[in-house]
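The file final.txt contains compact mmCIF, C-alpha atoms:
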```txt
# COMPACT_ATOMS: atom_id res chain seq x y z
CA MET F 796 53.75 -20.38 15.15
CA ARG F 797 56.46 -20.97 17.81
CA GLN F 798 55.04 -18.17 19.92
CA HIS F 799 51.57 -19.74 19.86
CA THR F 800 53.06 -23.16 20.82
CA PHE F 801 54.80 -21.56 23.77
CA LEU F 802 51.76 -19.61 25.01
CA ARG F 803 49.37 -22.56 25.05
CA PRO F 804 51.12 -24.63 27.79
CA LEU F 805 51.90 -21.45 29.69
CA ALA F 806 48.25 -20.42 29.73
CA LEU F 807 47.26 -23.94 30.74
CA ALA F 808 49.74 -23.95 33.61
CA LEU F 809 48.58 -20.56 34.87
CA ALA F 810 44.96 -21.57 34.70
CA VAL F 811 45.55 -24.82 36.61
CA ALA F 812 47.69 -23.04 39.18
CA GLY F 813 45.06 -20.38 39.76
CA LEU F 814 42.33 -22.92 40.21
CA SER F 815 44.45 -25.05 42.55
CA ALA F 816 45.07 -22.04 44.74
CA CYS F 817 41.37 -21.37 45.03
CA GLY F 818 40.52 -24.99 45.80
CA GLY F 819 43.13 -25.79 48.49
CA GLY F 820 44.65 -29.22 48.05
CA THR F 821 41.78 -30.71 46.14
CA ALA F 822 42.10 -31.81 42.58
CA PRO F 823 41.82 -28.89 40.16
CA ASN F 824 38.47 -28.40 38.52
CA GLN F 825 37.94 -27.58 34.85
CA PRO F 826 38.04 -23.77 34.33
CA ALA F 827 34.59 -22.20 34.32
CA ALA F 828 33.57 -21.75 30.73
CA ALA F 829 32.27 -18.41 29.54
CA PRO F 830 28.58 -18.92 28.82
CA ALA F 831 27.88 -18.75 25.11
CA THR F 832 25.89 -15.65 24.36
CA PRO F 833 22.51 -16.65 22.91
CA THR F 834 22.16 -15.45 19.35
CA THR F 835 19.10 -13.32 18.74
CA PRO F 836 16.88 -15.07 16.18
CA ALA F 837 16.55 -13.23 12.90
CA ALA F 838 13.27 -11.38 12.54
CA ALA F 839 11.29 -12.33 9.45
CA PRO F 840 11.08 -9.48 6.91
CA ALA F 841 7.77 -7.65 7.06
CA PRO F 842 5.30 -8.72 4.35
CA ILE F 843 4.96 -6.46 1.34
CA LYS F 844 1.86 -4.26 1.61
CA VAL F 845 0.13 -3.74 -1.75
CA GLY F 846 -1.92 -0.59 -2.20
CA ILE F 847 -4.26 0.24 -5.06
CA ALA F 848 -4.97 3.74 -6.37
CA LEU F 849 -8.23 3.85 -8.33
CA GLY F 850 -8.64 6.74 -10.75
CA GLY F 851 -11.71 8.60 -11.91
CA GLY F 852 -13.61 7.98 -15.13
CA ALA F 853 -17.37 7.74 -14.51
CA ALA F 854 -18.82 4.56 -16.07
CA LYS F 855 -15.30 3.43 -16.99
CA GLY F 856 -14.87 2.85 -13.24
CA PHE F 857 -16.41 -0.62 -13.53
CA ALA F 858 -13.00 -1.64 -14.88
CA HIS F 859 -11.62 -1.28 -11.35
CA ILE F 860 -13.65 -4.31 -10.31
CA GLY F 861 -11.92 -6.45 -12.94
CA VAL F 862 -8.49 -5.27 -11.83
CA ILE F 863 -9.19 -6.06 -8.18
CA LYS F 864 -10.58 -9.47 -9.17
CA MET F 865 -7.31 -10.45 -10.87
CA LEU F 866 -5.16 -9.10 -8.04
CA GLU F 867 -7.11 -11.20 -5.54
CA ALA F 868 -6.95 -14.28 -7.79
CA ASN F 869 -3.15 -14.01 -7.97
CA GLY F 870 -2.63 -13.52 -4.24
CA TYR F 871 -2.04 -9.76 -4.30
CA ALA F 872 -5.21 -8.50 -2.64
CA PRO F 873 -4.68 -4.80 -1.90
CA ALA F 874 -4.18 -4.01 1.78
CA VAL F 875 -4.91 -0.28 1.43
CA VAL F 876 -7.14 1.60 -1.03
CA SER F 877 -7.34 5.16 -2.33
CA GLY F 878 -9.89 6.42 -4.82
CA THR F 879 -10.83 9.45 -6.86
CA SER F 880 -14.35 9.96 -8.26
CA ALA F 881 -15.54 6.63 -9.73
CA GLY F 882 -12.49 5.06 -8.11
CA ALA F 883 -13.72 6.31 -4.73
CA VAL F 884 -17.06 4.56 -5.26
CA VAL F 885 -15.46 1.20 -6.06
CA GLY F 886 -12.76 1.73 -3.44
CA ALA F 887 -15.28 2.35 -0.66
CA LEU F 888 -17.21 -0.82 -1.45
CA TYR F 889 -14.02 -2.87 -1.59
CA ALA F 890 -12.56 -1.40 1.60
CA SER F 891 -15.82 -2.10 3.45
CA GLY F 892 -15.14 -5.84 3.17
CA MET F 893 -16.59 -6.85 -0.19
CA ASN F 894 -14.52 -8.94 -2.57
CA ALA F 895 -14.42 -8.42 -6.32
CA PHE F 896 -17.18 -10.96 -6.99
CA ASP F 897 -19.46 -9.23 -4.48
CA MET F 898 -18.82 -5.93 -6.25
CA GLN F 899 -19.46 -7.46 -9.65
CA GLU F 900 -22.87 -8.67 -8.47
CA LYS F 901 -23.64 -5.17 -7.18
CA ALA F 902 -22.52 -3.67 -10.49
CA VAL F 903 -24.74 -5.96 -12.56
CA ALA F 904 -27.74 -5.23 -10.34
CA LEU F 905 -27.15 -1.47 -10.15
CA ASP F 906 -30.10 0.68 -11.18
CA GLU F 907 -28.89 4.11 -12.33
CA ALA F 908 -31.97 5.71 -10.80
CA LYS F 909 -30.61 4.79 -7.36
CA ILE F 910 -27.64 7.12 -7.73
CA ARG F 911 -29.08 10.00 -9.80
CA ASP F 912 -31.16 12.78 -8.35
CA LEU F 913 -31.66 15.46 -10.99
CA GLN F 914 -32.38 19.02 -10.04
CA LEU F 915 -32.06 22.23 -12.02
CA SER F 916 -29.49 24.33 -10.23
CA SER F 917 -26.72 26.77 -11.04
CA GLY F 918 -24.28 24.45 -9.26
CA GLY F 919 -25.05 21.32 -11.27
CA LEU F 920 -27.77 19.02 -12.60
CA VAL F 921 -27.25 16.21 -10.09
CA VAL F 922 -27.59 16.78 -6.34
CA GLY F 923 -25.55 13.71 -5.39
CA LYS F 924 -27.46 12.84 -2.21
CA LYS F 925 -28.68 9.60 -3.77
CA LEU F 926 -25.08 8.56 -4.51
CA GLU F 927 -24.12 9.35 -0.92
CA ASP F 928 -27.02 7.29 0.44
CA TYR F 929 -26.31 4.39 -1.93
CA VAL F 930 -22.66 4.17 -0.86
CA ASN F 931 -23.53 4.35 2.84
CA GLU F 932 -26.11 1.61 2.39
CA GLN F 933 -23.63 -0.65 0.57
CA VAL F 934 -20.87 -0.21 3.16
CA GLY F 935 -23.22 -0.92 6.05
CA ARG F 936 -23.11 2.70 7.25
CA LYS F 937 -19.48 2.34 8.30
CA THR F 938 -17.48 5.52 8.64
CA LEU F 939 -14.16 5.81 6.84
CA GLU F 940 -12.22 4.89 9.97
CA GLN F 941 -14.37 1.77 10.48
CA MET F 942 -13.54 0.23 7.09
CA ALA F 943 -12.12 -3.30 6.94
CA LYS F 944 -9.18 -1.93 4.92
CA PRO F 945 -7.64 1.55 5.23
CA PHE F 946 -9.36 3.73 2.63
CA VAL F 947 -9.28 7.39 1.62
CA ALA F 948 -11.23 9.39 -0.96
CA VAL F 949 -9.63 12.37 -2.70
CA ALA F 950 -11.56 15.55 -3.56
CA THR F 951 -10.80 19.14 -4.60
CA ARG F 952 -11.57 22.05 -2.29
CA LEU F 953 -13.43 24.54 -4.45
CA GLU F 954 -12.36 27.65 -2.55
CA ASP F 955 -8.65 27.30 -3.28
CA GLY F 956 -8.16 24.17 -5.39
CA GLU F 957 -6.51 22.34 -2.50
CA ARG F 958 -6.21 18.54 -2.75
CA THR F 959 -8.21 17.10 0.15
CA VAL F 960 -7.89 13.53 1.39
CA PHE F 961 -10.86 12.25 3.40
CA ALA F 962 -9.82 9.58 5.90
CA ARG F 963 -12.45 10.09 8.63
CA GLY F 964 -16.17 10.63 8.82
CA ASN F 965 -19.16 9.94 6.59
CA THR F 966 -18.06 7.52 3.85
CA GLY F 967 -20.88 8.29 1.43
CA GLN F 968 -20.36 12.02 1.80
CA ALA F 969 -16.62 11.72 1.13
CA VAL F 970 -17.28 9.61 -1.97
CA ARG F 971 -19.91 12.07 -3.15
CA ALA F 972 -17.45 14.96 -2.74
CA SER F 973 -14.78 13.03 -4.65
CA SER F 974 -17.26 12.28 -7.46
CA SER F 975 -18.87 15.71 -7.88
CA VAL F 976 -17.92 16.55 -11.45
CA PRO F 977 -18.17 20.36 -11.81
CA GLY F 978 -21.19 21.38 -13.87
CA VAL F 979 -22.80 17.94 -13.49
CA PHE F 980 -22.93 17.43 -9.73
CA GLN F 981 -23.59 20.20 -7.26
CA PRO F 982 -20.57 20.93 -5.02
CA VAL F 983 -20.69 19.19 -1.65
CA THR F 984 -20.63 21.34 1.47
CA ILE F 985 -18.59 19.89 4.34
CA GLY F 986 -17.97 22.24 7.23
CA LYS F 987 -17.25 25.69 5.85
CA TYR F 988 -15.87 24.47 2.50
CA HIS F 989 -17.26 23.16 -0.78
CA PHE F 990 -15.78 20.18 -2.59
CA VAL F 991 -15.79 18.91 -6.18
CA ASP F 992 -14.30 16.05 -8.18
CA GLY F 993 -10.85 14.92 -7.03
CA GLY F 994 -9.79 14.28 -10.63
CA ILE F 995 -8.94 17.97 -11.01
CA VAL F 996 -5.97 17.69 -8.64
CA SER F 997 -5.31 13.94 -8.35
CA PRO F 998 -6.76 11.88 -11.23
CA VAL F 999 -5.16 8.69 -9.89
CA PRO F 1000 -4.41 9.05 -6.15
CA VAL F 1001 -1.01 7.34 -5.99
CA ASP F 1002 0.37 9.59 -3.24
CA ALA F 1003 -2.68 8.95 -1.05
CA ALA F 1004 -2.14 5.17 -1.30
CA ARG F 1005 1.53 5.63 -0.40
CA GLN F 1006 0.56 7.74 2.61
CA LEU F 1007 -1.62 4.87 3.81
CA GLY F 1008 1.53 2.74 4.09
CA ALA F 1009 1.59 0.89 0.76
CA ASP F 1010 5.00 -0.57 -0.16
CA VAL F 1011 3.89 -1.28 -3.72
CA VAL F 1012 1.31 1.01 -5.32
CA VAL F 1013 -0.69 -0.35 -8.25
CA ALA F 1014 -2.33 2.59 -10.04
CA VAL F 1015 -5.38 2.08 -12.27
CA ASP F 1016 -5.74 4.84 -14.88
CA ILE F 1017 -9.08 4.98 -16.72
CA SER F 1018 -9.08 8.70 -17.43
CA ASN F 1019 -10.00 10.28 -20.73
CA LYS F 1020 -7.14 11.27 -22.96
CA ALA F 1021 -7.28 14.04 -25.53
CA ARG F 1022 -7.10 12.03 -28.78
CA GLY F 1023 -7.90 14.70 -31.33
CA LYS F 1024 -11.62 13.91 -31.21
CA THR F 1025 -14.48 16.15 -30.10
CA PRO F 1026 -16.63 14.51 -27.39
CA GLY F 1027 -20.18 13.82 -28.53
CA ASP F 1028 -22.11 15.11 -25.51
CA MET F 1029 -21.95 17.43 -22.51
CA LEU F 1030 -20.73 14.77 -20.09
CA GLY F 1031 -18.00 13.76 -22.50
CA THR F 1032 -16.92 17.37 -22.89
CA LEU F 1033 -16.81 17.92 -19.13
CA GLY F 1034 -14.96 14.67 -18.54
CA GLN F 1035 -12.35 15.45 -21.15
CA SER F 1036 -11.96 19.00 -19.84
CA ILE F 1037 -11.25 17.69 -16.33
CA ALA F 1038 -8.81 15.13 -17.74
CA ILE F 1039 -6.93 17.84 -19.62
CA MET F 1040 -6.79 20.06 -16.50
CA GLY F 1041 -5.37 17.28 -14.39
CA GLN F 1042 -3.23 15.68 -17.08
CA LYS F 1043 0.14 17.20 -16.12
CA LEU F 1044 -0.45 16.68 -12.41
CA GLY F 1045 -1.69 13.18 -13.13
CA GLU F 1046 1.37 12.24 -15.14
CA ALA F 1047 3.70 13.36 -12.36
CA GLU F 1048 1.76 11.40 -9.75
CA LEU F 1049 1.47 8.29 -11.91
CA ALA F 1050 5.26 8.30 -12.28
CA ARG F 1051 5.44 7.66 -8.52
CA ALA F 1052 3.45 4.42 -8.81
CA ASP F 1053 5.24 1.07 -8.95
CA VAL F 1054 2.90 -0.35 -11.59
CA VAL F 1055 0.34 1.46 -13.78
CA ILE F 1056 -2.58 -0.48 -15.25
CA ARG F 1057 -4.54 1.09 -18.11
CA PRO F 1058 -7.68 -0.86 -19.07
CA GLN F 1059 -8.78 -0.25 -22.65
CA VAL F 1060 -11.99 1.61 -21.84
CA LEU F 1061 -11.48 4.93 -23.60
CA ASP F 1062 -14.38 4.23 -25.95
CA ILE F 1063 -16.83 3.77 -23.08
CA GLY F 1064 -18.81 6.96 -22.47
CA PRO F 1065 -19.01 8.55 -19.00
CA ALA F 1066 -22.70 7.63 -18.66
CA ASP F 1067 -22.58 4.36 -20.62
CA PHE F 1068 -23.62 2.03 -17.81
CA ALA F 1069 -24.72 -0.58 -20.36
CA GLN F 1070 -21.02 -1.29 -20.98
CA ARG F 1071 -20.33 -2.27 -17.36
CA ALA F 1072 -19.63 -5.93 -18.19
CA SER F 1073 -17.23 -4.92 -20.96
CA ALA F 1074 -15.43 -2.52 -18.60
CA ILE F 1075 -15.00 -5.23 -15.96
CA LEU F 1076 -13.58 -7.59 -18.58
CA GLU F 1077 -11.12 -4.96 -19.81
CA GLY F 1078 -10.00 -4.45 -16.24
CA GLU F 1079 -9.32 -8.17 -15.89
CA LYS F 1080 -7.33 -8.29 -19.13
CA ALA F 1081 -5.22 -5.27 -18.26
CA ALA F 1082 -4.46 -6.58 -14.76
CA LEU F 1083 -3.39 -9.98 -16.09
CA ALA F 1084 -1.07 -8.30 -18.58
CA ALA F 1085 0.53 -6.32 -15.71
CA MET F 1086 0.94 -9.32 -13.39
CA PRO F 1087 4.58 -10.13 -14.36
CA GLN F 1088 5.54 -6.54 -13.58
CA ILE F 1089 3.76 -6.70 -10.21
CA ARG F 1090 5.47 -9.99 -9.31
CA GLU F 1091 8.86 -8.61 -10.31
CA ARG F 1092 8.46 -5.47 -8.21
CA ILE F 1093 7.27 -7.41 -5.15
CA ALA F 1094 10.13 -9.93 -5.51
CA GLN F 1095 12.60 -7.06 -5.76
CA LEU F 1096 11.32 -5.50 -2.54
CA GLN F 1097 11.34 -8.86 -0.76
CA ALA F 1098 14.98 -9.43 -1.76
CA GLU F 1099 15.92 -5.95 -0.55
CA ARG F 1100 14.22 -6.57 2.79
CA ALA F 1101 15.81 -9.99 3.22
CA ARG F 1102 19.25 -8.49 2.60
CA ALA F 1103 18.57 -5.65 5.05
CA ALA F 1104 17.44 -8.17 7.67
CA GLN F 1105 20.59 -10.24 7.11
CA LEU F 1106 22.84 -7.20 7.55
CA ALA F 1107 20.98 -6.22 10.71
CA GLN F 1108 21.39 -9.73 12.11
CA GLU F 1109 25.12 -9.68 11.39
CA LYS F 1110 25.44 -6.43 13.33
CA VAL F 1111 23.54 -7.94 16.27
CA ARG F 1112 25.85 -10.98 16.33
CA GLU F 1113 28.91 -8.78 16.21
CA ALA F 1114 27.62 -6.68 19.12
CA GLU F 1115 26.81 -9.83 21.13
CA TYR F 1116 30.27 -11.24 20.49
CA LYS F 1117 31.98 -8.03 21.64
CA ALA F 1118 29.80 -7.88 24.77
CA CYS F 1119 30.68 -11.50 25.54
CA LEU F 1120 34.40 -10.80 25.20
CA GLU F 1121 34.16 -7.84 27.56
CA LYS F 1122 32.40 -9.92 30.24
CA ARG F 1123 34.97 -12.72 30.33
CA SER F 1124 37.43 -12.84 33.24
CA SER F 1125 41.18 -12.94 32.71
CA LEU F 1126 41.18 -16.57 33.81
CA GLN F 1127 38.48 -17.48 31.30
CA LYS F 1128 40.43 -15.74 28.56
CA LEU F 1129 43.56 -17.76 29.43
CA ALA F 1130 41.49 -20.94 29.49
CA GLY F 1131 40.09 -20.08 26.12
CA MET F 1132 43.58 -19.60 24.71
CA ALA F 1133 44.47 -23.02 26.07
CA GLY F 1134 41.43 -24.54 24.41
CA MET F 1135 39.98 -25.62 27.75
CA GLY F 1136 36.85 -23.48 27.85
CA GLU F 1137 34.06 -22.40 25.55
CA GLY F 1138 34.65 -19.25 23.56
CA CYS F 1139 32.18 -16.54 22.71
CA VAL F 1140 29.71 -17.27 19.95
CA GLY F 1141 29.34 -14.54 17.37
CA ALA F 1142 31.04 -12.66 14.61
CA ARG F 1143 34.83 -12.88 14.38
```

Show the structure stored in the file as C-alpha cells.
Amino acid sequence: MRQHTFLRPLALALAVAGLSACGGGTAPNQPAAAPATPTTPAAAPAPIKVGIALGGGAAKGFAHIGVIKMLEANGYAPAVVSGTSAGAVVGALYASGMNAFDMQEKAVALDEAKIRDLQLSSGGLVVGKKLEDYVNEQVGRKTLEQMAKPFVAVATRLEDGERTVFARGNTGQAVRASSSVPGVFQPVTIGKYHFVDGGIVSPVPVDAARQLGADVVVAVDISNKARGKTPGDMLGTLGQSIAIMGQKLGEAELARADVVIRPQVLDIGPADFAQRASAILEGEKAALAAMPQIRERIAQLQAERARAAQLAQEKVREAEYKACLEKRSSLQKLAGMAGMGEGCVGAR
C-alpha cells in the first residue's frame, strides 16, 4: 500500500515534467489518453435449423402431412427435408413451396389412377412413370436444386445395394426411384444404374437430413414392424419384407435423430388410400405429443450456442485489451498509473 502511494505522485511528476519539456514554457497539457479500444459487438447465435426425415410406408405416408402441419403451427417449420419412398413424395411437394394445408388439399383430391400405370413385366407391375409425372406437375417442374427448401430423395442402387442420395436433377424421377418397391414397381434406370426403394438401406433418412445442415433432425417413422402377424396381401408381404430387411439399419440411423415421431398408422394397409384422412390425423396427434421433446432439444442447443458465443466474446475482449496495452506509450502508462488518463477497455 505504501509503495503504491509513493509511485502515484512520482508518476504524476514524471508525466508533468515530460509534457512541460515538450511544450516549452507553456502550461502543461493533460497527458494524451490512450484511446479506448472499441469492443466488438457480440454476434447473435445462429438460428437453429430444423430438418425433417420422412420415412417410407406407402399409404401411411399421408401421416407426414399431419406431422408437418403441427411443426408449422408451433413455429418449427422444417428448413431442410429428406425423404424415402412415400416420404420422398411428401417431401418433394413440401420442399417445392407448399405448406401442410396445401398438401392436405392435394391428398384429399388425389386420384390413385393418376399415379398408377400397371404393366405386366418381370421387373414389377407398376411402371412408375405416372408417379414421376404427377410429382413433376405438382412441384411446377422444378429440379431438385431449384426447390424452395433443400431436399433430397434416398434410393437403393440395385447393382450393389449402395445408398444413393439424389440432390440434383429431375425431381419426379428421383422420387420415383426412391419409391420403387421391388416386385411392385419396375426399377428406375438413371444413367448406367438401376434404382429401387430407398427403404431397403435407409427407411428413415436421418443422415441425409443431417448432411443438408440440420441442427435438429425430427425423424418420422411410419414403417411396418414385424408384429407376429402374416400380412393379408402381396403388397403387405412386400412392405413387411422390406421393413425387416432395413430394420437393423433403420434402428441405427433412427438413433442418430434428435426426436423420433411414430404416428399410429400400422393398421393402415400400403394401398389403403381411403384412410388418408385418418393417417393425417394420426400424424398430427403424434407430432403434438412430441412437441415438448422438440422444444427441449431446441432450447438445449440454443443455450449451448449462447454460451459458446459468450466465451468467444470474452476471448475477443481479452485480445483487444492486450493489444491496447501493447500500443500504449511509456508516458501514457505512467499517466494511467497516476489516474490522469483513460485506461484500456477490456478483460482484466

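Omitting Asn965 (chain F) and its sequence neighbours fewer than 6 positions away, and counting all atoms listed in the file, the residues within 12 Å are Ala887, Glu927, Asp928, Val930, Asn931, Glu932, Val934, Gly935, Arg936, Lys937, Thr938, Leu939, Glu940, Gln941, Met942, Val947, Ala948, Arg971, Ala972 and Ile985 of chain F.
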
Can you pull out the residues contacting Met898 (chain F)? Cut-off 8 Å, using all atoms listed in the file, and skip same-chain residues under 6 positions away; I want them as a PDB file with C-alpha atoms, in the frame of the given file.
```
ATOM      1  CA  ILE F 860     -13.650  -4.310 -10.310  1.00  0.00           C
ATOM      2  CA  VAL F 885     -15.460   1.200  -6.060  1.00  0.00           C
ATOM      3  CA  LEU F 888     -17.210  -0.820  -1.450  1.00  0.00           C
ATOM      4  CA  TYR F 889     -14.020  -2.870  -1.590  1.00  0.00           C
TER       5      TYR F 889
END
```

| task | Considering all atoms listed in the file, return as a PyMOL selection string whatever protein or nucleic-acid residues lie within 12 Å of region 1072-1077 of chain F, sequence-local ones (same chain, fewer than 2 positions apart) excluded. | result | chain F and resi 852-865+885+895-896+898-905+1015+1017+1056-1065+1067-1070+1079-1084

| Could you state the separation of CA of Gly851 (chain F) and CA of Glu867 (chain F) in Å, given to one decimal place? | 21.3 Å

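Nearest residue to Leu953 (chain F) among F:Val884, F:Ile995, F:Val921, F:Leu1007 is F:Ile995, counting only C-alpha atoms.
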
| task | Would you list the contacts of Phe946 (chain F) as a ChimeraX atom specification, taking every protein, DNA or RNA residue within 12 Å and counting only C-alpha atoms, but skipping same-chain residues closer than 5 positions in sequence? | result | /F:846-849,873-879,882-892,937-941,960-964,966,969-970,1000,1003-1009

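The gap separating CA of Ala841 (chain F) from CA of Ala1107 (chain F) is 13.8 Å, in Å to one decimal.
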
List the neighbours of region 980-984 of chain F out to 6 Å using only C-alpha atoms; skip same-chain residues closer than 5 positions along the sequence, and give me the result as a JSON list (two decimals) with C-alpha atoms, in the frame of the given file.
```json
[["chain", "number", "residue", "atom", "x", "y", "z"],
["F", 918, "GLY", "CA", -24.28, 24.45, -9.26],
["F", 919, "GLY", "CA", -25.05, 21.32, -11.27],
["F", 920, "LEU", "CA", -27.77, 19.02, -12.60],
["F", 921, "VAL", "CA", -27.25, 16.21, -10.09],
["F", 922, "VAL", "CA", -27.59, 16.78, -6.34],
["F", 972, "ALA", "CA", -17.45, 14.96, -2.74],
["F", 975, "SER", "CA", -18.87, 15.71, -7.88],
["F", 989, "HIS", "CA", -17.26, 23.16, -0.78],
["F", 990, "PHE", "CA", -15.78, 20.18, -2.59],
["F", 991, "VAL", "CA", -15.79, 18.91, -6.18]]
```

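A straight line drawn from CA of Pro1087 (chain F) to CA of Ser1018 (chain F) is 23.5 Å long.
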
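Proximity ranking of F:Thr1032, F:Asn869, F:Gln1042, F:Val1001 relative to Val1055 (chain F) places F:Val1001 first, based on only C-alpha atoms.
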
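Across F:Val1012, F:Ala881, F:Met893, F:Ile910, the tightest approach to Ser973 (chain F) is made by F:Ala881 when counting all atoms listed in the file.
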
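If all atoms listed in the file are the atoms counted, then among F:Gly993, F:Ala1085, F:Ser880, F:Val1011 the closest residue to Lys844 (chain F) is F:Val1011.
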
Around all listed atoms of region 964-972 of chain F, padded 3 Å per side, what centre and edge lengths does the axis-aligned box have in Å to one decimal, as lines of an AutoDock Vina configuration file?
```
center_x = -18.5
center_y = 11.2
center_z = 2.8
size_x = 10.7
size_y = 13.4
size_z = 18.0
```
